[in-house]
Amino acid sequence: MLSQVNHWMEFVGSAIDLILLLRVLSLRLYRTYLFITLSCLIAVFFDGVQVWLGESPEGVRLFFCSRFLFAFLFPLAAWEVFEEIKTPIANLRRLAITRTVTSLLTITILGLIFAGFAENGDDSTGLAFVSTLGMFVWTGSAAGSLAFLWVMRTGMKRQAVQPPHNTFVWLVYFGLSLLGEVLYAFIILVEQALPPLWRDVLYFVLALYGCVVTAWCVLKLRALPSDVSSAPVSESS
């Protein structure tokens with residue numbers, strides 16, 4: 001029963017992702033947030049294809065292959081979160097992203113090593129190599145991008161830099177979304193050791209979490225005024 005609910009939650013999540021993309025396009029935020037818009041577009045595309053393929057072998061392969069693309073987009077989207085205030089925090093942002101990229105390169109090398117061991121097994125399809133490497137770079141990119149956002153948020157507080165409204169919204173949205181990606185990867189790693197009911201419950205909670213976070217972002221985003229980048233976020237936001 002719960003597995004069927006999770007199946008329908010995939011449709012709900014895809015619909016909310018589509019609404020977010022339409023919201024970004026209707027507010028013309030793509031003029032400032034190009035990679036964030038691309039991230040929303042790619043998410044909608046893979047949502048639709050994944051729902052269509054389901055849990056078939058093709059769907060599983062597509063899932064792990066798509067993780068490479070998301071691993072590439074996460075740091076770019078996280079970098080672009082602060083595009084409206086790039087001048088006051090230029091040095092902080094440059095230093096933080098340098099550390100993030102260095103960490104991602106290290107994780108990718110480790111992933112290649114572990115994936116090479118996985119390929120040596122009895123795996124004629126090559127899925128073990130793709131899935132192992134995909135999990136490494138996907139999880140590492142999500143965790144590294146989340147750390148980048150945390151460092152930026154801490155640095156902005158230290159410098160008393162007040163984020164514009166949309167910067168605050170994107171910061172919260174991507175912070176919570178990337179945390180969800182890390183939790184999703186963890187569930188995939190341990191799901192074989194979990195009872196089916198617990199596995200379905202965890203996937204349901206994670207899907208609901210993602211829907212709530214995305215819906216909040218849709219409601220909070222605002223158009224950018226023509227004369228200023230964005231209004232500062234208020235204390236009540």
# chains A, B, ... in the order shown; residues from 1 in each chain; ligands from 1

call {"tool": "select_by_dssp", "arguments": {"residues": "region 24-230 of chain A", "states": "helix (DSSP H, G or I)", "output": "PyMOL selection string"}}
result
chain A and resi 24-26+29-31+34-53+57-80+83-85+90-119+127-158+165-193+196-220

call {"tool": "closest_atom_pairs", "arguments": {"of": "region 42-87 of chain A", "to": "region 25-38 of chain A", "cutoff": "8 Å", "atoms": "only C-alpha atoms", "output": "Markdown table"}}
result
| residue | atom | partner | partner_atom | distance |
| --- | --- | --- | --- | --- |
| A:Ile42 | CA | A:Leu38 | CA | 6.1 |
| A:Leu73 | CA | A:Phe35 | CA | 7.3 |
| A:Leu76 | CA | A:Phe35 | CA | 6.3 |
| A:Ala77 | CA | A:Ile36 | CA | 4.9 |
| A:Glu80 | CA | A:Tyr33 | CA | 6.3 |
| A:Val81 | CA | A:Tyr33 | CA | 7.6 |
| A:Glu83 | CA | A:Thr32 | CA | 7.1 |
| A:Glu84 | CA | A:Thr32 | CA | 7.6 |

call {"tool": "closest_residue", "arguments": {"among": "A:Tyr203, A:Phe82, A:Phe64, A:Phe70", "to": "Met156 (chain A)", "atoms": "only C-alpha atoms"}}
result
A:Phe82

call {"tool": "residues_around", "arguments": {"residues": "Met9 (chain A)", "least_positions_apart": "4", "cutoff": "9 Å", "atoms": "only C-alpha atoms", "output": "count of residues only"}}
result
8

call {"tool": "closest_residue", "arguments": {"among": "A:Val24, A:Thr102, A:Ile187, A:Glu58", "to": "Asn166 (chain A)", "atoms": "only C-alpha atoms"}}
result
A:Val24

call {"tool": "closest_residue", "arguments": {"among": "A:Leu133, A:Ala90, A:Ala185, A:Leu20", "to": "Gly155 (chain A)", "atoms": "only C-alpha atoms"}}
result
A:Ala90

call {"tool": "closest_residue", "arguments": {"among": "A:Leu224, A:Met135, A:Leu202, A:Ala143", "to": "Leu112 (chain A)", "atoms": "only C-alpha atoms"}}
result
A:Met135

call {"tool": "residues_around", "arguments": {"residues": "region 104-109 of chain A", "least_positions_apart": "3", "cutoff": "9 Å", "atoms": "only C-alpha atoms", "output": "PyMOL selection string"}}
result
chain A and resi 99-101+112-114+133+136-137+140-141+144

call {"tool": "write_last_selection", "arguments": {"atoms": "N, CA and C atoms", "output": "PDB file, in the first residue's frame"}}
result
ATOM      1  N   ARG A  99      37.852  25.588  -2.254  1.00  0.00           N
ATOM      2  CA  ARG A  99      37.920  24.437  -1.353  1.00  0.00           C
ATOM      3  C   ARG A  99      36.921  23.359  -1.760  1.00  0.00           C
ATOM      4  N   THR A 100      35.738  23.786  -2.204  1.00  0.00           N
ATOM      5  CA  THR A 100      34.716  22.827  -2.611  1.00  0.00           C
ATOM      6  C   THR A 100      35.157  22.028  -3.833  1.00  0.00           C
ATOM      7  N   VAL A 101      35.695  22.711  -4.828  1.00  0.00           N
ATOM      8  CA  VAL A 101      36.144  22.034  -6.052  1.00  0.00           C
ATOM      9  C   VAL A 101      37.281  21.069  -5.743  1.00  0.00           C
ATOM     10  N   LEU A 112      36.552   6.723  -8.479  1.00  0.00           N
ATOM     11  CA  LEU A 112      37.094   5.934  -9.583  1.00  0.00           C
ATOM     12  C   LEU A 112      37.811   4.691  -9.075  1.00  0.00           C
ATOM     13  N   ILE A 113      38.515   4.828  -7.952  1.00  0.00           N
ATOM     14  CA  ILE A 113      39.233   3.683  -7.387  1.00  0.00           C
ATOM     15  C   ILE A 113      38.248   2.617  -6.913  1.00  0.00           C
ATOM     16  N   PHE A 114      37.245   3.031  -6.140  1.00  0.00           N
ATOM     17  CA  PHE A 114      36.268   2.069  -5.626  1.00  0.00           C
ATOM     18  C   PHE A 114      35.424   1.477  -6.754  1.00  0.00           C
ATOM     19  N   LEU A 133      30.459   4.780  -8.961  1.00  0.00           N
ATOM     20  CA  LEU A 133      31.048   6.082  -9.234  1.00  0.00           C
ATOM     21  C   LEU A 133      29.993   7.185  -9.133  1.00  0.00           C
ATOM     22  N   PHE A 136      29.305   8.047  -5.530  1.00  0.00           N
ATOM     23  CA  PHE A 136      30.403   8.801  -4.931  1.00  0.00           C
ATOM     24  C   PHE A 136      30.345  10.271  -5.325  1.00  0.00           C
ATOM     25  N   VAL A 137      30.281  10.540  -6.629  1.00  0.00           N
ATOM     26  CA  VAL A 137      30.338  11.932  -7.075  1.00  0.00           C
ATOM     27  C   VAL A 137      29.060  12.685  -6.724  1.00  0.00           C
ATOM     28  N   GLY A 140      29.161  13.214  -2.844  1.00  0.00           N
ATOM     29  CA  GLY A 140      30.233  14.153  -2.558  1.00  0.00           C
ATOM     30  C   GLY A 140      29.911  15.557  -3.020  1.00  0.00           C
ATOM     31  N   SER A 141      29.303  15.680  -4.206  1.00  0.00           N
ATOM     32  CA  SER A 141      28.940  16.993  -4.719  1.00  0.00           C
ATOM     33  C   SER A 141      27.858  17.642  -3.871  1.00  0.00           C
ATOM     34  N   GLY A 144      29.504  18.577  -0.520  1.00  0.00           N
ATOM     35  CA  GLY A 144      30.432  19.688  -0.720  1.00  0.00           C
ATOM     36  C   GLY A 144      29.716  20.999  -0.991  1.00  0.00           C
TER      37      GLY A 144
END

call {"tool": "residues_around", "arguments": {"residues": "Phe68 (chain A)", "least_positions_apart": "4", "cutoff": "7 Å", "atoms": "only C-alpha atoms", "output": "list in words"}}
result
Phe72, Gly134, Val137 and Trp138 of chain A

call {"tool": "write_last_selection", "arguments": {"atoms": "C-alpha atoms", "output": "PDB file, in the first residue's frame"}}
result
ATOM      1  CA  PHE A  72      28.099  18.894 -11.960  1.00  0.00           C
ATOM      2  CA  GLY A 134      27.716   7.878  -9.575  1.00  0.00           C
ATOM      3  CA  VAL A 137      30.338  11.932  -7.075  1.00  0.00           C
ATOM      4  CA  TRP A 138      26.640  12.631  -6.421  1.00  0.00           C
TER       5      TRP A 138
END

call {"tool": "closest_residue", "arguments": {"among": "A:Val12, A:Leu171, A:Ala128, A:Leu206", "to": "Trp79 (chain A)", "atoms": "only C-alpha atoms"}}
result
A:Leu171
